[in-house]
$ cat coords_15.cif   # mmCIF, C-alpha atoms
data_structure
loop_
_atom_site.group_PDB
_atom_site.id
_atom_site.type_symbol
_atom_site.label_atom_id
_atom_site.label_comp_id
_atom_site.auth_asym_id
_atom_site.auth_seq_id
_atom_site.Cartn_x
_atom_site.Cartn_y
_atom_site.Cartn_z
ATOM 1 C CA MET A 1 199.317 -5.205 97.674
ATOM 2 C CA ILE A 2 198.561 -8.367 99.633
ATOM 3 C CA THR A 3 198.103 -8.285 103.399
ATOM 4 C CA ILE A 4 199.533 -11.384 105.090
ATOM 5 C CA VAL A 5 198.267 -12.073 108.612
ATOM 6 C CA SER A 6 200.723 -14.380 110.315
ATOM 7 C CA GLY A 7 202.104 -15.816 113.528
ATOM 8 C CA PHE A 8 201.938 -19.271 115.114
ATOM 9 C CA GLY A 9 198.692 -21.155 115.608
ATOM 10 C CA ARG A 10 196.382 -19.782 118.335
ATOM 11 C CA CYS A 11 197.906 -16.302 118.090
ATOM 12 C CA GLY A 12 194.677 -14.376 117.431
ATOM 13 C CA SER A 13 194.904 -14.451 113.628
ATOM 14 C CA SER A 14 191.215 -15.304 113.224
ATOM 15 C CA MET A 15 190.308 -12.363 115.456
ATOM 16 C CA LEU A 16 192.380 -9.985 113.352
ATOM 17 C CA MET A 17 190.907 -11.359 110.115
ATOM 18 C CA GLN A 18 187.426 -10.782 111.563
ATOM 19 C CA MET A 19 188.431 -7.209 112.307
ATOM 20 C CA LEU A 20 189.781 -6.620 108.809
ATOM 21 C CA ALA A 21 186.688 -8.121 107.168
ATOM 22 C CA ALA A 22 184.350 -6.026 109.326
ATOM 23 C CA GLY A 23 186.431 -2.952 108.565
ATOM 24 C CA GLY A 24 185.859 -3.380 104.857
ATOM 25 C CA MET A 25 188.793 -5.444 103.578
ATOM 26 C CA LYS A 26 188.202 -8.545 101.486
ATOM 27 C CA CYS A 27 189.703 -11.574 103.216
ATOM 28 C CA SER A 28 190.563 -15.178 102.476
ATOM 29 C CA GLY A 29 188.241 -18.016 103.401
ATOM 30 C CA LYS A 30 185.063 -17.687 105.400
ATOM 31 C CA TRP A 31 184.066 -16.260 108.770
ATOM 32 C CA PRO A 32 185.040 -16.852 111.522
ATOM 33 C CA SER A 33 188.441 -18.450 110.804
ATOM 34 C CA PHE A 34 189.029 -16.950 107.331
ATOM 35 C CA GLU A 35 191.309 -19.800 106.297
ATOM 36 C CA ASP A 36 192.215 -20.746 102.748
ATOM 37 C CA THR A 37 193.256 -24.415 102.842
ATOM 38 C CA ARG A 38 195.789 -23.719 100.103
ATOM 39 C CA ALA A 39 197.870 -21.843 102.692
ATOM 40 C CA THR A 40 198.831 -25.205 104.198
ATOM 41 C CA ARG A 41 198.148 -27.664 101.366
ATOM 42 C CA SER A 42 199.708 -25.831 98.405
ATOM 43 C CA LEU A 43 202.431 -23.668 99.901
ATOM 44 C CA PRO A 44 205.368 -23.429 99.582
ATOM 45 C CA HIS A 45 205.354 -25.237 96.212
ATOM 46 C CA ASP A 46 202.347 -23.637 94.528
ATOM 47 C CA ILE A 47 202.272 -19.869 95.050
ATOM 48 C CA GLY A 48 200.340 -18.809 91.945
ATOM 49 C CA TRP A 49 197.025 -18.647 93.753
ATOM 50 C CA LEU A 50 198.318 -15.829 95.972
ATOM 51 C CA ASP A 51 197.789 -13.493 92.996
ATOM 52 C CA GLU A 52 194.084 -13.698 93.840
ATOM 53 C CA TYR A 53 194.728 -11.788 97.044
ATOM 54 C CA HIS A 54 195.975 -8.468 95.706
ATOM 55 C CA GLY A 55 194.048 -5.850 97.649
ATOM 56 C CA ARG A 56 192.921 -8.516 100.108
ATOM 57 C CA ALA A 57 194.104 -10.204 103.300
ATOM 58 C CA VAL A 58 195.211 -13.826 103.556
ATOM 59 C CA LYS A 59 196.118 -15.785 106.670
ATOM 60 C CA ILE A 60 199.395 -17.706 106.411
ATOM 61 C CA LEU A 61 200.601 -19.094 109.727
ATOM 62 C CA ALA A 62 204.151 -20.351 110.393
ATOM 63 C CA PRO A 63 205.596 -18.501 107.371
ATOM 64 C CA GLY A 64 208.998 -20.135 107.847
ATOM 65 C CA PHE A 65 207.401 -23.379 106.673
ATOM 66 C CA PHE A 66 204.939 -22.104 104.079
ATOM 67 C CA LEU A 67 206.497 -19.041 102.425
ATOM 68 C CA PRO A 68 209.381 -20.039 100.113
ATOM 69 C CA LEU A 69 212.694 -18.206 100.443
ATOM 70 C CA GLY A 70 212.726 -17.161 96.784
ATOM 71 C CA LEU A 71 209.375 -15.410 97.072
ATOM 72 C CA CYS A 72 209.389 -11.632 97.363
ATOM 73 C CA PHE A 73 206.379 -9.615 96.281
ATOM 74 C CA ASP A 74 204.164 -6.605 96.927
ATOM 75 C CA ALA A 75 202.800 -7.424 100.351
ATOM 76 C CA ARG A 76 202.521 -6.169 103.898
ATOM 77 C CA GLY A 77 202.850 -8.509 106.842
ATOM 78 C CA ILE A 78 201.173 -8.407 110.249
ATOM 79 C CA TRP A 79 202.674 -10.715 112.871
ATOM 80 C CA LEU A 80 200.716 -11.632 115.985
ATOM 81 C CA ASP A 81 202.498 -12.423 119.234
ATOM 82 C CA ARG A 82 200.923 -14.088 122.241
ATOM 83 C CA ASP A 83 202.233 -15.156 125.623
ATOM 84 C CA PRO A 84 203.858 -18.481 124.637
ATOM 85 C CA LYS A 85 202.607 -20.257 127.756
ATOM 86 C CA GLU A 86 198.977 -19.340 127.070
ATOM 87 C CA GLN A 87 199.437 -19.999 123.370
ATOM 88 C CA ALA A 88 200.750 -23.496 124.101
ATOM 89 C CA LYS A 89 197.769 -24.158 126.389
ATOM 90 C CA SER A 90 195.409 -23.074 123.615
ATOM 91 C CA TRP A 91 197.271 -25.272 121.131
ATOM 92 C CA ALA A 92 196.913 -28.246 123.507
ATOM 93 C CA LYS A 93 193.193 -27.557 123.901
ATOM 94 C CA ILE A 94 192.690 -27.852 120.147
ATOM 95 C CA GLN A 95 194.829 -30.996 119.930
ATOM 96 C CA ARG A 96 192.776 -32.654 122.649
ATOM 97 C CA ARG A 97 189.570 -31.685 120.920
ATOM 98 C CA VAL A 98 190.594 -33.706 117.863
ATOM 99 C CA GLY A 99 191.498 -36.679 120.022
ATOM 100 C CA SER A 100 195.239 -36.279 120.561
ATOM 101 C CA ASP A 101 196.854 -37.074 123.884
ATOM 102 C CA VAL A 102 198.780 -33.996 125.070
ATOM 103 C CA PRO A 103 200.745 -34.521 128.305
ATOM 104 C CA ARG A 104 202.099 -31.537 130.214
ATOM 105 C CA SER A 105 205.605 -32.184 128.859
ATOM 106 C CA LYS A 106 204.279 -31.737 125.321
ATOM 107 C CA ILE A 107 202.778 -28.357 126.250
ATOM 108 C CA HIS A 108 206.152 -27.222 127.646
ATOM 109 C CA GLU A 109 207.825 -28.436 124.457
ATOM 110 C CA GLN A 110 205.380 -26.471 122.318
ATOM 111 C CA ARG A 111 205.944 -23.341 124.404
ATOM 112 C CA ARG A 112 209.706 -23.617 123.857
ATOM 113 C CA LEU A 113 209.115 -24.079 120.142
ATOM 114 C CA PHE A 114 207.085 -20.869 119.973
ATOM 115 C CA VAL A 115 209.904 -18.997 121.710
ATOM 116 C CA ASN A 116 212.830 -20.548 119.838
ATOM 117 C CA GLN A 117 211.316 -20.498 116.352
ATOM 118 C CA ARG A 118 209.818 -16.996 116.459
ATOM 119 C CA ARG A 119 212.802 -15.215 114.910
ATOM 120 C CA LYS A 120 213.092 -17.682 112.047
ATOM 121 C CA HIS A 121 209.459 -17.319 111.025
ATOM 122 C CA LEU A 122 209.322 -13.571 111.571
ATOM 123 C CA ASP A 123 212.443 -13.112 109.425
ATOM 124 C CA ARG A 124 210.862 -15.134 106.618
ATOM 125 C CA LEU A 125 207.760 -12.927 106.702
ATOM 126 C CA LYS A 126 209.990 -9.850 106.645
ATOM 127 C CA PHE A 127 211.965 -11.175 103.674
ATOM 128 C CA VAL A 128 208.896 -12.062 101.629
ATOM 129 C CA THR A 129 207.152 -8.737 102.191
ATOM 130 C CA LYS A 130 210.281 -6.611 101.588
ATOM 131 C CA ASP A 131 209.417 -4.519 104.636
ATOM 132 C CA LYS A 132 209.271 -4.682 108.410
ATOM 133 C CA PRO A 133 206.018 -6.382 109.498
ATOM 134 C CA LEU A 134 203.660 -4.797 111.973
ATOM 135 C CA ILE A 135 203.889 -6.711 115.247
ATOM 136 C CA LEU A 136 200.725 -6.838 117.355
ATOM 137 C CA ARG A 137 200.240 -8.538 120.683
ATOM 138 C CA TYR A 138 197.179 -10.660 121.311
ATOM 139 C CA ASP A 139 196.578 -9.173 124.745
ATOM 140 C CA THR A 140 196.951 -5.627 123.405
ATOM 141 C CA ILE A 141 194.142 -6.227 120.894
ATOM 142 C CA LEU A 142 191.910 -7.537 123.701
ATOM 143 C CA LYS A 143 192.687 -4.674 126.079
ATOM 144 C CA MET A 144 192.802 -1.828 123.535
ATOM 145 C CA PRO A 145 190.891 -2.965 120.422
ATOM 146 C CA HIS A 146 190.244 0.550 119.133
ATOM 147 C CA LYS A 147 193.906 1.497 119.338
ATOM 148 C CA ALA A 148 194.892 -1.794 117.695
ATOM 149 C CA ALA A 149 192.445 -1.156 114.855
ATOM 150 C CA GLU A 150 193.835 2.345 114.328
ATOM 151 C CA THR A 151 197.380 0.954 114.270
ATOM 152 C CA VAL A 152 196.452 -1.612 111.628
ATOM 153 C CA LYS A 153 194.698 0.978 109.480
ATOM 154 C CA GLN A 154 197.650 3.335 109.624
ATOM 155 C CA PHE A 155 200.116 0.548 108.820
ATOM 156 C CA LEU A 156 198.174 -0.711 105.811
ATOM 157 C CA GLY A 157 197.298 2.744 104.525
ATOM 158 C CA VAL A 158 193.838 1.670 103.376
ATOM 159 C CA ARG A 159 190.315 2.774 104.216
ATOM 160 C CA LEU A 160 188.951 0.745 107.125
ATOM 161 C CA ASP A 161 186.034 1.297 109.503
ATOM 162 C CA ILE A 162 187.713 1.499 112.912
ATOM 163 C CA ASP A 163 184.486 1.234 114.905
ATOM 164 C CA LYS A 164 183.328 -1.898 113.093
ATOM 165 C CA MET A 165 186.754 -3.460 113.544
ATOM 166 C CA THR A 166 186.627 -2.724 117.258
ATOM 167 C CA GLU A 167 183.189 -4.314 117.616
ATOM 168 C CA GLN A 168 184.587 -7.671 116.484
ATOM 169 C CA VAL A 169 186.789 -8.087 119.547
ATOM 170 C CA VAL A 170 185.018 -10.208 122.159
ATOM 171 C CA SER A 171 185.882 -8.892 125.621
ATOM 172 C CA ARG A 172 187.775 -11.565 127.537
ATOM 173 C CA LYS A 173 190.960 -12.180 129.499
ATOM 174 C CA PRO A 174 194.180 -12.883 127.542
ATOM 175 C CA GLN A 175 194.569 -16.238 129.278
ATOM 176 C CA CYS A 176 193.646 -19.393 127.360
ATOM 177 C CA TYR A 177 189.880 -19.319 126.856
ATOM 178 C CA PRO A 178 188.234 -22.369 128.518
ATOM 179 C CA GLY A 179 185.815 -22.937 125.652
ATOM 180 C CA PHE A 180 186.081 -22.874 121.860
ATOM 181 C CA MET A 181 185.536 -19.309 120.762
ATOM 182 C CA GLU A 182 185.151 -19.958 117.024
ATOM 183 C CA SER A 183 182.568 -22.708 117.563
ATOM 184 C CA GLU A 184 180.636 -20.555 120.007
ATOM 185 C CA MET A 185 180.602 -17.697 117.508
ATOM 186 C CA VAL A 186 179.214 -19.963 114.792
ATOM 187 C CA GLU A 187 176.489 -21.307 117.084
ATOM 188 C CA HIS A 188 175.593 -17.790 118.195
ATOM 189 C CA ALA A 189 175.312 -16.670 114.571
ATOM 190 C CA LYS A 190 173.040 -19.625 113.794
ATOM 191 C CA THR A 191 170.821 -18.738 116.745
ATOM 192 C CA LEU A 192 170.546 -15.123 115.612
ATOM 193 C CA GLN A 193 169.774 -16.254 112.072
ATOM 194 C CA GLY A 194 167.045 -18.544 113.392
ATOM 195 C CA HIS A 195 165.506 -15.695 115.391
ATOM 196 C CA ARG A 196 165.512 -13.450 112.320
ATOM 197 C CA ARG A 197 163.814 -16.120 110.204
ATOM 198 C CA ALA A 198 161.172 -16.605 112.890
ATOM 199 C CA GLU A 199 160.531 -12.874 113.104
ATOM 200 C CA THR A 200 160.227 -12.662 109.304
ATOM 201 C CA ALA A 201 157.754 -15.530 109.244
ATOM 202 C CA GLU A 202 155.463 -13.912 111.826
#
$ encode --input "coords_15.cif" --output "structure tokens"
Amino acid sequence: MITIVSGFGRCGSSMLMQMLAAGGMKCSGKWPSFEDTRATRSLPHDIGWLDEYHGRAVKILAPGFFLPLGLCFDARGIWLDRDPKEQAKSWAKIQRRVGSDVPRSKIHEQRRLFVNQRRKHLDRLKFVTKDKPLILRYDTILKMPHKAAETVKQFLGVRLDIDKMTEQVVSRKPQCYPGFMESEMVEHAKTLQGHRRAETAE
């Protein structure tokens, strides 16, 4: 069985992948984003590589674009919802970081897209996985990480370490984070690694 973590961009998919990896599940890509570039570069035309992910989790966002209609296989889907207004703000933050001009009207447009396209993409995930996906809310994971981890474990029916999953959730408000969480996590990890090397050398 393949576990597909899905939703729209900035939905908390990286956070959930971090939880799954810490809990003991093998996941696509590398920490902290756990992205396999083939999920956007190869899909929906080349799906053969998905066979690599049996017993593992793979992140495939916007499934209505990247999962072909004819595909139906042994998989479970987890869909992440987030307040569309905050999600659009987070999307704009990333766009600006890469140099794009994002006026307020564009943010409103993106928010409407998240709302209007949700059913289409969720239905595609449901069709591909042959079962009803688990729907998790971003703010619920932040407020009740232990409960969210238990829900995921029960849904997937696999052995996962609930406590380690819970530890991955950085306590914060559900509103759009002012910084760049993934980058900060990487820098923090580098700092810790540097401290460990220094301690070993002493």
$ resolve_selection --input "coords_15.cif" --expression "the PyMOL selection byres ((chain A and resi 164) around 12)" --output "PyMOL selection string"
chain A and resi 18-25+145-146+149-150+160-163+165-169
$ write_last_selection --input "coords_15.cif" --atoms "C-alpha atoms" --output "JSON list (two decimals), keeping the file's coordinate frame"
[["chain", "number", "residue", "atom", "x", "y", "z"],
["A", 18, "GLN", "CA", 187.43, -10.78, 111.56],
["A", 19, "MET", "CA", 188.43, -7.21, 112.31],
["A", 20, "LEU", "CA", 189.78, -6.62, 108.81],
["A", 21, "ALA", "CA", 186.69, -8.12, 107.17],
["A", 22, "ALA", "CA", 184.35, -6.03, 109.33],
["A", 23, "GLY", "CA", 186.43, -2.95, 108.56],
["A", 24, "GLY", "CA", 185.86, -3.38, 104.86],
["A", 25, "MET", "CA", 188.79, -5.44, 103.58],
["A", 145, "PRO", "CA", 190.89, -2.96, 120.42],
["A", 146, "HIS", "CA", 190.24, 0.55, 119.13],
["A", 149, "ALA", "CA", 192.44, -1.16, 114.86],
["A", 150, "GLU", "CA", 193.84, 2.35, 114.33],
["A", 160, "LEU", "CA", 188.95, 0.74, 107.12],
["A", 161, "ASP", "CA", 186.03, 1.30, 109.50],
["A", 162, "ILE", "CA", 187.71, 1.50, 112.91],
["A", 163, "ASP", "CA", 184.49, 1.23, 114.90],
["A", 165, "MET", "CA", 186.75, -3.46, 113.54],
["A", 166, "THR", "CA", 186.63, -2.72, 117.26],
["A", 167, "GLU", "CA", 183.19, -4.31, 117.62],
["A", 168, "GLN", "CA", 184.59, -7.67, 116.48],
["A", 169, "VAL", "CA", 186.79, -8.09, 119.55]]
$ resolve_selection --input "coords_15.cif" --expression "the PyMOL selection byres ((chain A and resi 30) around 12)" --output "list in words"
Ser14, Met17, Gln18, Ala21, Lys26, Cys27, Ser28, Gly29, Trp31, Pro32, Ser33, Phe34, Glu35, Asp36, Thr37, Ala57, Val58, Lys59, Glu182 and Val186 of chain A
$ residues_around --input "coords_15.cif" --residues "Ile2 (chain A)" --least-positions-apart "3" --cutoff "10 Å" --atoms "all atoms listed in the file" --output "ChimeraX atom specification"
/A:5,50-58,73-77,129,156
$ residues_near_point --input "coords_15.cif" --point "(210.3, -5.0, 115.3)" --cutoff "12 Å" --atoms "all atoms listed in the file" --output "list in words"
Gly77, Ile78, Trp79, Leu80, Asp81, Arg119, Leu122, Asp123, Leu125, Lys126, Asp131, Lys132, Pro133, Leu134, Ile135, Leu136 and Arg137 of chain A
$ residues_near_point --input "coords_15.cif" --point "(197.6, -15.5, 121.8)" --cutoff "8 Å" --atoms "only C-alpha atoms" --output "mmCIF file with C-alpha atoms, keeping the file's coordinate frame"
data_model
loop_
_atom_site.group_PDB
_atom_site.id
_atom_site.type_symbol
_atom_site.label_atom_id
_atom_site.label_comp_id
_atom_site.auth_asym_id
_atom_site.auth_seq_id
_atom_site.Cartn_x
_atom_site.Cartn_y
_atom_site.Cartn_z
ATOM 1 C CA ARG A 10 196.382 -19.782 118.335
ATOM 2 C CA CYS A 11 197.906 -16.302 118.090
ATOM 3 C CA GLY A 12 194.677 -14.376 117.431
ATOM 4 C CA LEU A 80 200.716 -11.632 115.985
ATOM 5 C CA ASP A 81 202.498 -12.423 119.234
ATOM 6 C CA ARG A 82 200.923 -14.088 122.241
ATOM 7 C CA ASP A 83 202.233 -15.156 125.623
ATOM 8 C CA PRO A 84 203.858 -18.481 124.637
ATOM 9 C CA GLU A 86 198.977 -19.340 127.070
ATOM 10 C CA GLN A 87 199.437 -19.999 123.370
ATOM 11 C CA ARG A 137 200.240 -8.538 120.683
ATOM 12 C CA TYR A 138 197.179 -10.660 121.311
ATOM 13 C CA ASP A 139 196.578 -9.173 124.745
ATOM 14 C CA PRO A 174 194.180 -12.883 127.542
ATOM 15 C CA CYS A 176 193.646 -19.393 127.360
#
$ axis_aligned_box --input "coords_15.cif" --around "region 54-68 of chain A" --padding-each-side "6 Å" --output "lines of an AutoDock Vina configuration file"
center_x = 201.2
center_y = -14.6
center_z = 103.0
size_x = 28.5
size_y = 29.5
size_z = 26.7
$ residues_around --input "coords_15.cif" --residues "His108 (chain A)" --least-positions-apart "6" --cutoff "12 Å" --atoms "all atoms listed in the file" --output "list in words"
Pro84, Lys85, Glu86, Gln87, Ala88, Lys89, Trp91, Ala92, Val102, Phe114 and Val115 of chain A
$ closest_residue --input "coords_15.cif" --among "A:Met1, A:Met144, A:Ala62, A:Leu69" --to "Arg118 (chain A)" --atoms "only C-alpha atoms"
A:Ala62
$ atom_distance --input "coords_15.cif" --atom1 "CA of Gly179 (chain A)" --atom2 "CA of Leu113 (chain A)"
24.0 Å
$ resolve_selection --input "coords_15.cif" --expression "the PyMOL selection byres ((chain A and resi 70) around 12)" --output "ChimeraX atom specification"
/A:44-45,47,66-69,71-73,124-125,127-130
$ atom_distance --input "coords_15.cif" --atom1 "CA of Lys93 (chain A)" --atom2 "CA of Gly64 (chain A)"
23.7 Å
$ atom_distance --input "coords_15.cif" --atom1 "CA of Ile4 (chain A)" --atom2 "CA of Ile60 (chain A)"
6.5 Å
$ closest_residue --input "coords_15.cif" --among "A:Thr140, A:Gln95, A:Ser90, A:Gln117" --to "Pro178 (chain A)" --atoms "only C-alpha atoms"
A:Ser90
$ decode --input "coords_15.cif" --residues "region 13-43 of chain A" --atoms "N, CA and C atoms" --output "mmCIF file, in the first residue's frame"
data_model
loop_
_atom_site.group_PDB
_atom_site.id
_atom_site.type_symbol
_atom_site.label_atom_id
_atom_site.label_comp_id
_atom_site.auth_asym_id
_atom_site.auth_seq_id
_atom_site.Cartn_x
_atom_site.Cartn_y
_atom_site.Cartn_z
ATOM 1 N N SER A 13 1.625 19.766 4.399
ATOM 2 C CA SER A 13 2.050 18.435 3.930
ATOM 3 C C SER A 13 3.460 18.089 4.403
ATOM 4 N N SER A 14 4.352 19.056 4.413
ATOM 5 C CA SER A 14 5.717 18.783 4.894
ATOM 6 C C SER A 14 5.686 18.404 6.371
ATOM 7 N N MET A 15 4.856 19.088 7.144
ATOM 8 C CA MET A 15 4.732 18.784 8.567
ATOM 9 C C MET A 15 4.253 17.351 8.769
ATOM 10 N N LEU A 16 3.251 16.936 7.999
ATOM 11 C CA LEU A 16 2.741 15.585 8.148
ATOM 12 C C LEU A 16 3.779 14.549 7.711
ATOM 13 N N MET A 17 4.521 14.840 6.647
ATOM 14 C CA MET A 17 5.568 13.925 6.202
ATOM 15 C C MET A 17 6.650 13.790 7.278
ATOM 16 N N GLN A 18 6.969 14.895 7.939
ATOM 17 C CA GLN A 18 7.941 14.854 9.039
ATOM 18 C C GLN A 18 7.421 13.963 10.159
ATOM 19 N N MET A 19 6.141 14.046 10.425
ATOM 20 C CA MET A 19 5.535 13.216 11.460
ATOM 21 C C MET A 19 5.602 11.743 11.084
ATOM 22 N N LEU A 20 5.250 11.432 9.850
ATOM 23 C CA LEU A 20 5.268 10.039 9.401
ATOM 24 C C LEU A 20 6.677 9.465 9.453
ATOM 25 N N ALA A 21 7.650 10.252 8.985
ATOM 26 C CA ALA A 21 9.046 9.782 8.978
ATOM 27 C C ALA A 21 9.539 9.531 10.403
ATOM 28 N N ALA A 22 9.221 10.458 11.316
ATOM 29 C CA ALA A 22 9.643 10.299 12.705
ATOM 30 C C ALA A 22 8.948 9.104 13.351
ATOM 31 N N GLY A 23 7.720 8.846 12.914
ATOM 32 C CA GLY A 23 6.960 7.735 13.471
ATOM 33 C C GLY A 23 7.427 6.375 13.008
ATOM 34 N N GLY A 24 8.261 6.361 11.961
ATOM 35 C CA GLY A 24 8.810 5.089 11.512
ATOM 36 C C GLY A 24 8.461 4.697 10.095
ATOM 37 N N MET A 25 7.755 5.551 9.356
ATOM 38 C CA MET A 25 7.397 5.225 7.979
ATOM 39 C C MET A 25 8.437 5.788 7.016
ATOM 40 N N LYS A 26 8.794 5.010 6.018
ATOM 41 C CA LYS A 26 9.705 5.493 4.988
ATOM 42 C C LYS A 26 8.952 6.474 4.097
ATOM 43 N N CYS A 27 9.602 7.581 3.769
ATOM 44 C CA CYS A 27 8.923 8.653 3.033
ATOM 45 C C CYS A 27 9.740 9.090 1.820
ATOM 46 N N SER A 28 9.060 9.726 0.897
ATOM 47 C CA SER A 28 9.707 10.240 -0.306
ATOM 48 C C SER A 28 10.622 11.401 0.032
ATOM 49 N N GLY A 29 11.616 11.623 -0.839
ATOM 50 C CA GLY A 29 12.463 12.797 -0.704
ATOM 51 C C GLY A 29 13.244 12.860 0.591
ATOM 52 N N LYS A 30 13.648 14.075 0.929
ATOM 53 C CA LYS A 30 14.483 14.301 2.100
ATOM 54 C C LYS A 30 13.833 15.308 3.047
ATOM 55 N N TRP A 31 14.197 15.182 4.314
ATOM 56 C CA TRP A 31 13.756 16.130 5.342
ATOM 57 C C TRP A 31 14.286 17.521 4.996
ATOM 58 N N PRO A 32 13.526 18.604 5.211
ATOM 59 C CA PRO A 32 12.229 18.628 5.891
ATOM 60 C C PRO A 32 11.015 18.621 4.971
ATOM 61 N N SER A 33 11.214 18.796 3.652
ATOM 62 C CA SER A 33 10.058 18.904 2.753
ATOM 63 C C SER A 33 9.571 17.559 2.243
ATOM 64 N N PHE A 34 10.478 16.558 2.179
ATOM 65 C CA PHE A 34 10.123 15.219 1.716
ATOM 66 C C PHE A 34 9.444 15.242 0.350
ATOM 67 N N GLU A 35 10.059 15.952 -0.586
ATOM 68 C CA GLU A 35 9.486 16.056 -1.929
ATOM 69 C C GLU A 35 10.287 15.226 -2.925
ATOM 70 N N ASP A 36 9.577 14.491 -3.746
ATOM 71 C CA ASP A 36 10.177 13.794 -4.881
ATOM 72 C C ASP A 36 9.819 14.623 -6.098
ATOM 73 N N THR A 37 10.822 15.168 -6.788
ATOM 74 C CA THR A 37 10.557 16.072 -7.919
ATOM 75 C C THR A 37 9.739 15.410 -9.022
ATOM 76 N N ARG A 38 9.746 14.077 -9.050
ATOM 77 C CA ARG A 38 8.972 13.383 -10.077
ATOM 78 C C ARG A 38 7.465 13.581 -9.887
ATOM 79 N N ALA A 39 7.056 13.975 -8.673
ATOM 80 C CA ALA A 39 5.640 14.199 -8.407
ATOM 81 C C ALA A 39 5.095 15.376 -9.203
ATOM 82 N N THR A 40 5.963 16.273 -9.632
ATOM 83 C CA THR A 40 5.523 17.408 -10.454
ATOM 84 C C THR A 40 6.113 17.362 -11.863
ATOM 85 N N ARG A 41 7.271 16.720 -12.023
ATOM 86 C CA ARG A 41 7.920 16.701 -13.334
ATOM 87 C C ARG A 41 7.516 15.514 -14.197
ATOM 88 N N SER A 42 7.165 14.388 -13.572
ATOM 89 C CA SER A 42 6.849 13.179 -14.337
ATOM 90 C C SER A 42 5.352 12.887 -14.410
ATOM 91 N N LEU A 43 4.645 13.157 -13.336
ATOM 92 C CA LEU A 43 3.203 12.930 -13.345
ATOM 93 C C LEU A 43 2.500 14.008 -14.166
#
